[in-house]
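With mmCIF, C-alpha atoms inside, this is run13.cif:
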```cif
data_start
#
loop_
_atom_site.label_atom_id
_atom_site.label_comp_id
_atom_site.auth_asym_id
_atom_site.auth_seq_id
_atom_site.Cartn_x
_atom_site.Cartn_y
_atom_site.Cartn_z
CA MET D 12 -12.22 -21.14 3.46
CA SER D 13 -8.76 -19.63 3.32
CA THR D 14 -5.80 -19.80 5.68
CA THR D 15 -4.59 -17.53 8.45
CA PHE D 16 -1.74 -17.71 10.92
CA THR D 17 -1.14 -17.13 14.60
CA LEU D 18 2.16 -16.41 16.28
CA ASP D 19 4.23 -19.27 17.66
CA THR D 20 5.59 -17.65 20.83
CA ALA D 21 7.80 -20.67 21.62
CA THR D 22 10.29 -19.45 19.01
CA SER D 23 12.61 -16.49 19.11
CA ARG D 24 10.70 -14.79 16.29
CA ALA D 25 7.07 -14.84 15.15
CA HIS D 26 6.46 -17.81 12.85
CA PRO D 27 3.15 -18.53 11.13
CA VAL D 28 1.03 -21.46 12.28
CA PRO D 29 -2.00 -22.30 10.07
CA GLU D 30 -5.54 -22.15 11.35
CA PRO D 31 -8.78 -21.72 9.37
CA VAL D 32 -10.22 -18.25 8.85
CA ARG D 33 -11.96 -16.32 6.10
CA ARG D 34 -9.93 -13.58 4.42
CA LEU D 35 -11.72 -10.55 3.02
CA THR D 36 -12.32 -10.74 -0.73
CA VAL D 37 -12.21 -8.50 -3.77
CA PRO D 38 -16.00 -8.80 -4.34
CA GLY D 39 -16.53 -7.93 -0.68
CA ILE D 40 -14.50 -4.75 -1.07
CA ALA D 41 -16.33 -3.86 -4.28
CA LYS D 42 -19.65 -4.03 -2.40
CA ARG D 43 -18.50 -1.42 0.12
CA LYS D 44 -19.44 1.41 -2.25
CA GLY D 45 -21.35 3.94 -0.16
CA GLY D 46 -21.12 1.75 2.93
CA GLU D 47 -18.63 1.32 5.75
CA PRO D 48 -15.41 3.14 4.75
CA VAL D 49 -12.58 0.95 3.49
CA VAL D 50 -9.44 1.15 5.65
CA MET D 51 -6.20 0.79 3.73
CA LEU D 52 -2.55 1.26 4.66
CA THR D 53 0.70 0.42 2.94
CA ALA D 54 2.81 -2.46 4.19
CA TYR D 55 6.20 -3.65 2.98
CA THR D 56 7.26 -6.35 5.47
CA ALA D 57 5.75 -9.43 7.07
CA ARG D 58 5.95 -8.03 10.59
CA MET D 59 4.28 -4.75 9.68
CA ALA D 60 1.57 -6.73 7.91
CA GLN D 61 0.98 -8.73 11.09
CA LEU D 62 0.54 -5.55 13.09
CA LEU D 63 -1.74 -3.78 10.61
CA ASP D 64 -3.81 -6.72 9.43
CA LYS D 65 -6.54 -6.77 12.07
CA HIS D 66 -7.16 -3.05 11.63
CA CYS D 67 -7.23 -2.87 7.82
CA ASP D 68 -9.49 -4.11 5.05
CA MET D 69 -6.77 -3.75 2.43
CA LEU D 70 -2.97 -3.70 2.60
CA LEU D 71 -1.20 -2.00 -0.28
CA VAL D 72 2.33 -3.07 -1.12
CA GLY D 73 3.01 0.31 -2.63
CA ASP D 74 5.87 1.23 -4.93
CA SER D 75 6.38 3.95 -2.33
CA LEU D 76 8.70 1.32 -0.83
CA GLY D 77 11.29 2.71 -3.22
CA GLN D 78 11.44 5.89 -1.16
CA VAL D 79 10.43 4.51 2.25
CA ILE D 80 12.58 1.36 2.29
CA TYR D 81 15.29 1.94 -0.31
CA GLY D 82 15.83 5.70 -0.13
CA LEU D 83 15.18 6.31 -3.83
CA ASP D 84 14.19 9.77 -4.97
CA THR D 85 11.14 8.60 -6.98
CA THR D 86 9.07 5.46 -7.46
CA VAL D 87 10.16 5.30 -11.11
CA LYS D 88 13.27 3.30 -10.15
CA VAL D 89 11.33 0.49 -8.43
CA THR D 90 11.53 -2.92 -10.14
CA LEU D 91 9.05 -5.75 -10.51
CA ASP D 92 11.36 -8.04 -8.55
CA MET D 93 11.34 -5.59 -5.63
CA MET D 94 7.55 -5.48 -5.64
CA ILE D 95 7.26 -9.26 -5.76
CA ALA D 96 9.70 -9.80 -2.88
CA HIS D 97 7.88 -7.38 -0.59
CA GLY D 98 4.45 -8.49 -1.81
CA ALA D 99 5.20 -12.09 -0.84
CA ALA D 100 6.36 -10.96 2.61
CA VAL D 101 3.15 -8.99 3.22
CA VAL D 102 0.97 -11.90 2.11
CA ARG D 103 2.84 -14.19 4.51
CA GLY D 104 2.28 -11.74 7.34
CA SER D 105 -1.41 -11.00 6.71
CA TYR D 106 -4.43 -13.19 7.31
CA ARG D 107 -7.50 -10.97 6.99
CA SER D 108 -6.83 -8.11 4.59
CA VAL D 109 -7.02 -8.05 0.82
CA VAL D 110 -3.40 -7.58 -0.31
CA VAL D 111 -2.83 -5.39 -3.38
CA VAL D 112 0.57 -5.06 -5.06
CA ASP D 113 1.58 -2.01 -7.08
CA MET D 114 2.71 -2.60 -10.65
CA PRO D 115 5.96 -0.61 -10.97
CA PHE D 116 6.78 1.82 -13.75
CA GLY D 117 7.67 0.07 -16.99
CA SER D 118 5.98 -3.23 -16.13
CA TYR D 119 2.57 -2.61 -17.72
CA GLU D 120 2.39 0.50 -19.90
CA ALA D 121 3.62 -0.96 -23.21
CA SER D 122 0.63 -3.19 -23.87
CA PRO D 123 -2.15 -5.20 -22.22
CA GLN D 124 -0.11 -8.32 -22.91
CA GLN D 125 2.92 -6.92 -21.08
CA ALA D 126 0.66 -5.95 -18.18
CA PHE D 127 -0.84 -9.44 -18.04
CA GLU D 128 2.57 -11.11 -18.00
CA SER D 129 3.79 -8.83 -15.20
CA ALA D 130 0.58 -9.13 -13.19
CA ALA D 131 0.54 -12.92 -13.59
CA ARG D 132 4.03 -13.03 -12.08
CA VAL D 133 2.88 -10.88 -9.18
CA MET D 134 -0.16 -13.05 -8.51
CA LYS D 135 1.76 -16.34 -8.78
CA GLU D 136 4.83 -15.34 -6.80
CA THR D 137 3.20 -13.33 -4.02
CA GLY D 138 -0.26 -14.84 -3.50
CA ALA D 139 -1.75 -11.32 -3.52
CA ALA D 140 -5.40 -10.81 -4.40
CA ALA D 141 -5.01 -7.89 -6.80
CA VAL D 142 -2.66 -5.47 -8.51
CA LYS D 143 -2.76 -1.69 -8.73
CA LEU D 144 -1.73 0.40 -11.71
CA GLU D 145 -1.64 4.12 -12.40
CA GLY D 146 -3.30 5.93 -15.28
CA GLY D 147 -6.68 6.90 -16.62
CA THR D 148 -8.27 6.60 -20.04
CA ALA D 149 -5.03 5.37 -21.60
CA MET D 150 -5.03 2.35 -19.24
CA ALA D 151 -8.71 1.44 -19.60
CA GLU D 152 -8.03 -1.18 -22.26
CA THR D 153 -5.35 -2.76 -20.08
CA ILE D 154 -7.60 -2.83 -17.02
CA SER D 155 -10.34 -4.49 -19.06
CA PHE D 156 -7.83 -7.00 -20.46
CA LEU D 157 -6.62 -7.96 -16.98
CA SER D 158 -10.05 -8.03 -15.36
CA ARG D 159 -11.47 -10.32 -18.05
CA ARG D 160 -8.58 -12.71 -17.43
CA GLY D 161 -9.11 -13.06 -13.70
CA ILE D 162 -6.72 -10.42 -12.39
CA PRO D 163 -8.51 -7.91 -10.11
CA VAL D 164 -7.29 -4.36 -10.59
CA VAL D 165 -7.24 -1.26 -8.39
CA ALA D 166 -6.92 1.84 -10.58
CA HIS D 167 -5.20 5.11 -9.60
CA VAL D 168 -5.97 8.59 -10.94
CA GLY D 169 -5.18 12.19 -10.07
CA LEU D 170 -1.64 12.67 -8.81
CA THR D 171 0.15 9.61 -10.21
CA PRO D 172 3.69 9.47 -8.77
CA GLN D 173 5.07 7.29 -11.57
CA ALA D 174 4.32 10.18 -13.96
CA VAL D 175 6.00 12.79 -11.76
CA ASN D 176 8.40 13.76 -14.55
CA ALA D 177 5.54 14.46 -16.94
CA LEU D 178 3.44 16.20 -14.27
CA GLY D 179 6.33 18.41 -13.17
CA GLY D 180 6.05 17.65 -9.46
CA TYR D 181 3.79 16.43 -6.68
CA GLY D 182 1.35 19.34 -6.49
CA ALA D 183 -2.40 18.84 -6.17
CA ARG D 184 -4.20 18.13 -9.43
CA GLY D 185 -7.52 19.34 -10.80
CA ARG D 186 -7.24 23.03 -9.99
CA SER D 187 -8.20 24.09 -13.52
CA GLU D 188 -11.54 23.16 -15.09
CA ALA D 189 -9.79 21.45 -17.98
CA GLU D 190 -7.57 19.28 -15.76
CA ALA D 191 -10.48 18.42 -13.46
CA ALA D 192 -12.54 17.31 -16.46
CA THR D 193 -9.69 15.12 -17.69
CA ILE D 194 -9.24 13.45 -14.29
CA LEU D 195 -12.97 12.86 -13.96
CA ALA D 196 -13.03 11.27 -17.41
CA ASP D 197 -10.05 9.12 -16.41
CA ALA D 198 -11.86 7.93 -13.28
CA VAL D 199 -15.03 7.03 -15.16
CA ALA D 200 -13.04 5.22 -17.87
CA VAL D 201 -11.08 2.97 -15.50
CA ALA D 202 -14.15 2.20 -13.40
CA GLU D 203 -16.15 1.21 -16.47
CA ALA D 204 -13.19 -0.88 -17.68
CA GLY D 205 -13.55 -3.10 -14.63
CA ALA D 206 -11.43 -1.70 -11.78
CA PHE D 207 -12.97 -2.94 -8.52
CA ALA D 208 -11.60 0.04 -6.57
CA LEU D 209 -10.08 3.39 -7.43
CA VAL D 210 -7.35 5.31 -5.60
CA VAL D 211 -7.86 9.07 -5.96
CA GLU D 212 -4.68 10.90 -4.98
CA GLY D 213 -3.79 14.52 -4.52
CA VAL D 214 -6.79 16.23 -6.12
CA VAL D 215 -8.87 19.19 -5.00
CA GLU D 216 -11.66 18.14 -2.66
CA PRO D 217 -14.70 18.98 -4.85
CA LEU D 218 -13.25 16.89 -7.67
CA ALA D 219 -12.68 13.88 -5.39
CA ARG D 220 -16.26 14.16 -4.20
CA GLN D 221 -17.51 14.36 -7.80
CA ILE D 222 -15.46 11.31 -8.79
CA THR D 223 -16.87 9.34 -5.86
CA GLU D 224 -20.40 10.23 -6.93
CA SER D 225 -19.69 9.38 -10.58
CA VAL D 226 -18.17 5.89 -10.41
CA ARG D 227 -19.69 2.60 -9.31
CA CYS D 228 -16.61 1.20 -7.58
CA PRO D 229 -15.34 2.34 -4.16
CA THR D 230 -12.97 5.30 -4.21
CA ILE D 231 -10.03 5.30 -1.82
CA GLY D 232 -8.75 8.77 -1.09
CA ILE D 233 -5.27 9.97 -0.30
CA GLY D 234 -5.18 13.74 -0.22
CA ALA D 235 -8.66 13.77 -1.73
CA SER D 236 -11.89 13.91 0.32
CA ALA D 237 -13.54 12.47 3.40
CA ALA D 238 -16.44 11.70 1.05
CA CYS D 239 -14.39 8.94 -0.60
CA ASP D 240 -15.44 5.37 0.15
CA GLY D 241 -12.18 4.71 1.98
CA GLN D 242 -8.78 6.14 2.81
CA VAL D 243 -5.14 5.07 2.41
CA LEU D 244 -1.89 6.47 3.77
CA VAL D 245 1.75 5.42 3.61
CA VAL D 246 2.16 3.70 6.96
CA ASP D 247 5.54 5.28 7.73
CA ASP D 248 4.04 8.73 7.19
CA MET D 249 1.09 7.91 9.42
CA LEU D 250 3.42 6.65 12.17
CA GLY D 251 5.57 9.77 12.11
CA MET D 252 8.73 8.17 10.77
CA PHE D 253 9.64 11.16 8.61
CA GLU D 254 10.04 14.83 9.44
CA ARG D 255 8.60 15.98 6.11
CA VAL D 256 5.32 14.57 4.87
CA PRO D 257 2.70 15.70 2.36
CA ARG D 258 0.01 18.10 3.54
CA PHE D 259 -2.64 15.37 3.45
CA VAL D 260 -0.87 13.19 6.03
CA GLU D 261 -2.05 13.03 9.64
CA ARG D 262 0.62 11.73 12.02
CA PHE D 263 -1.06 9.31 14.41
CA ASP D 264 2.19 8.77 16.31
CA ASP D 265 5.70 10.22 16.49
CA LEU D 266 7.57 6.96 16.13
CA ALA D 267 10.80 8.49 14.83
CA VAL D 268 11.25 10.41 18.09
CA ARG D 269 10.57 7.28 20.15
CA ILE D 270 13.00 5.18 18.10
CA ASP D 271 15.64 7.87 18.44
CA ALA D 272 15.16 7.89 22.21
CA ALA D 273 15.29 4.09 22.45
CA ALA D 274 18.45 3.90 20.34
CA GLY D 275 20.02 6.60 22.51
CA SER D 276 19.16 4.70 25.69
CA TYR D 277 20.65 1.51 24.24
CA ALA D 278 23.84 3.28 23.15
CA ALA D 279 24.29 4.82 26.61
CA ALA D 280 23.71 1.48 28.33
CA VAL D 281 26.34 -0.20 26.15
CA ARG D 282 28.92 2.55 26.62
CA GLU D 283 28.36 2.60 30.38
CA ARG D 284 28.47 -1.23 30.54
CA ARG D 285 24.93 -1.37 31.96
CA PHE D 286 23.95 -3.77 29.17
CA PRO D 287 23.90 -6.72 29.03
CA THR D 288 22.91 -7.50 32.61
CA GLU D 289 22.92 -10.82 34.42
CA LYS D 290 19.43 -11.70 33.15
CA GLN D 291 20.58 -11.55 29.52
CA LEU D 292 23.58 -13.87 30.05
CA TYR D 293 23.90 -17.65 29.89
CA ARG D 294 25.44 -19.40 32.92
#
```

Before we go any further, please render this structure as structure tokens.
Amino acid sequence: MSTTFTLDTATSRAHPVPEPVRRLTVPGIAKRKGGEPVVMLTAYTARMAQLLDKHCDMLLVGDSLGQVIYGLDTTVKVTLDMMIAHGAAVVRGSYRSVVVVDMPFGSYEASPQQAFESAARVMKETGAAAVKLEGGTAMAETISFLSRRGIPVVAHVGLTPQAVNALGGYGARGRSEAEAATILADAVAVAEAGAFALVVEGVVEPLARQITESVRCPTIGIGASAACDGQVLVVDDMLGMFERVPRFVERFDDLAVRIDAAAGSYAAAVRERRFPTEKQLYR
């Protein structure tokens, strides 16, 4: 039995109050291969985690926060401390979902030992259930090293944003037979090394389908295929917070327009002295 939280509405902000509940587990997600699709979204704050939690099976504290939250041009500049701070917030705000924290660039590539030390910090300081790292065959040894030491790993193949400088951009991968064969081999290698789930990003659809059929763990697509065992999107993209988004994004709302309108209404009310009104004042 794990712990969940409800909102204490007697306070001015939402504060957690413990009550017993069962959180989804890593083994439970691993068993979803070929079954009910896994729903995953990114989350970077406690409040967003609260809102997404009941709808999602997994919440990914993605290093995409570098661009979404901090305005960085790539994820390469994200630090381990940044990931831990946001990971802890998402764990505090979620009660049902499996929380996965991205390992940022430079925190795991040097050696399995480096990866273990970084991942151990993430697990201890956030309370997350798993970490995610990018890379294929070259990271298989590291994934095996972590998995055998009690750290669940989500792997990530195809378009790997941390390698954007080596890849030469964010274009779809696997268009040539040679590249498709390499990505497929990467997927099989990380799955056999012990990854309990596999993000497949930005690859041509037939390749994503082939990967899903070739590995034993659930695949989670992002710009991949509806045949994947689950899907993930950056939540701010899905909500319509940005004007420009990748081709694979479906906007399920147009939140940026609504925020702009609300901020405009507030500004007009202040300038015209229509806010605050009597009901917002203390007498």

Within 10 Å of region 203-218 of chain D, which residues of region 23-88 of chain D come that close, and what is the closest atom pair and distance in Å for each? Count all atoms listed in the file and give it as a tab-separated table.
```
residue	atom	partner	partner_atom	distance
D:Val37	CA	D:Phe207	CA	7.4
D:Pro38	CA	D:Phe207	CA	7.8
D:Gly39	CA	D:Phe207	CA	10.0
D:Ile40	CA	D:Phe207	CA	7.8
D:Ala41	CA	D:Phe207	CA	5.5
D:Lys42	CA	D:Phe207	CA	9.1
D:Arg43	CA	D:Ala208	CA	9.7
D:Lys44	CA	D:Ala208	CA	9.1
```

Using only C-alpha atoms, which of the listed residues (D:Pro172, D:Val111, D:Ser187, D:Met93) sits closest to Ala141 (chain D)?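 Once distances to Ala141 (chain D) are computed over only C-alpha atoms, the minimum belongs to D:Val111.
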
Give the centre and edge lengths of an axis-aligned box, in Å to one decimal, that holds all listed atoms of region 151-165 of chain D with 6 Å on each side, as AutoDock Vina command-line options.
```
--center_x -8.4 --center_y -5.8 --center_z -15.3 --size_x 18.1 --size_y 26.5 --size_z 25.9
```

Atomic separation - CA of Ile95 (chain D) relative to CA of Pro229 (chain D), Å: 25.5 Å

Residues returned when the PyMOL selection byres ((chain D and resi 112-115) around 8) runs on this file, as a PyMOL selection string: chain D and resi 71-74+86-87+89-91+94-95+98+110-111+116-119+129-130+133+139+141-144+173

Resulting file, chosen residues, C-alpha atoms, as an mmCIF file, in the coordinates of the input:
```cif
data_model
loop_
_atom_site.group_PDB
_atom_site.id
_atom_site.type_symbol
_atom_site.label_atom_id
_atom_site.label_comp_id
_atom_site.auth_asym_id
_atom_site.auth_seq_id
_atom_site.Cartn_x
_atom_site.Cartn_y
_atom_site.Cartn_z
ATOM 1 C CA LEU D 71 -1.200 -2.000 -0.280
ATOM 2 C CA VAL D 72 2.330 -3.070 -1.120
ATOM 3 C CA GLY D 73 3.010 0.310 -2.630
ATOM 4 C CA ASP D 74 5.870 1.230 -4.930
ATOM 5 C CA THR D 86 9.070 5.460 -7.460
ATOM 6 C CA VAL D 87 10.160 5.300 -11.110
ATOM 7 C CA VAL D 89 11.330 0.490 -8.430
ATOM 8 C CA THR D 90 11.530 -2.920 -10.140
ATOM 9 C CA LEU D 91 9.050 -5.750 -10.510
ATOM 10 C CA MET D 94 7.550 -5.480 -5.640
ATOM 11 C CA ILE D 95 7.260 -9.260 -5.760
ATOM 12 C CA GLY D 98 4.450 -8.490 -1.810
ATOM 13 C CA VAL D 110 -3.400 -7.580 -0.310
ATOM 14 C CA VAL D 111 -2.830 -5.390 -3.380
ATOM 15 C CA PHE D 116 6.780 1.820 -13.750
ATOM 16 C CA GLY D 117 7.670 0.070 -16.990
ATOM 17 C CA SER D 118 5.980 -3.230 -16.130
ATOM 18 C CA TYR D 119 2.570 -2.610 -17.720
ATOM 19 C CA SER D 129 3.790 -8.830 -15.200
ATOM 20 C CA ALA D 130 0.580 -9.130 -13.190
ATOM 21 C CA VAL D 133 2.880 -10.880 -9.180
ATOM 22 C CA ALA D 139 -1.750 -11.320 -3.520
ATOM 23 C CA ALA D 141 -5.010 -7.890 -6.800
ATOM 24 C CA VAL D 142 -2.660 -5.470 -8.510
ATOM 25 C CA LYS D 143 -2.760 -1.690 -8.730
ATOM 26 C CA LEU D 144 -1.730 0.400 -11.710
ATOM 27 C CA GLN D 173 5.070 7.290 -11.570
#
```

Translate the PyMOL selection byres ((chain D and resi 54) around 12) into a concrete residue list for this structure, as a PyMOL selection string. chain D and resi 51-53+55-64+67+69-76+79-80+94+97-105+108-113+243-249

List, as a ChimeraX atom specification, every residue that the PyMOL selection byres ((chain D and resi 107) around 6) selects in the file provided. /D:34-35,106,108

Go ahead and compute the interatomic distance for CA of Cys228 (chain D) and CA of Ala202 (chain D), in Å to one decimal.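 Computing the Euclidean distance for CA of Cys228 (chain D) and CA of Ala202 (chain D) yields 6.4 Å.
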
Between CA of Gln221 (chain D) and CA of Phe259 (chain D) - distance in Å to one decimal: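 Straight-line distance from CA of Phe259 (chain D) to CA of Gln221 (chain D) works out to 18.7 Å.
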
List as a list in words the residues having at least one atom at most 9 Å from position (-16.0, 8.2, -7.5) as given in the file, counting all atoms listed in the file.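 The residues near that point, listed by chain and number, are Leu195, Ala198, Val199, Ala202, Leu209, Val211, Ala219, Arg220, Gln221, Ile222, Thr223, Glu224, Ser225, Val226, Arg227, Cys228, Pro229, Thr230, Ile231, Cys239 and Asp240 of chain D.
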
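Each of D:Ala192, D:Ala140, D:Val49, D:Ala126 was compared to Thr36 (chain D) using all atoms listed in the file, and D:Ala140 turns out to be the nearest.
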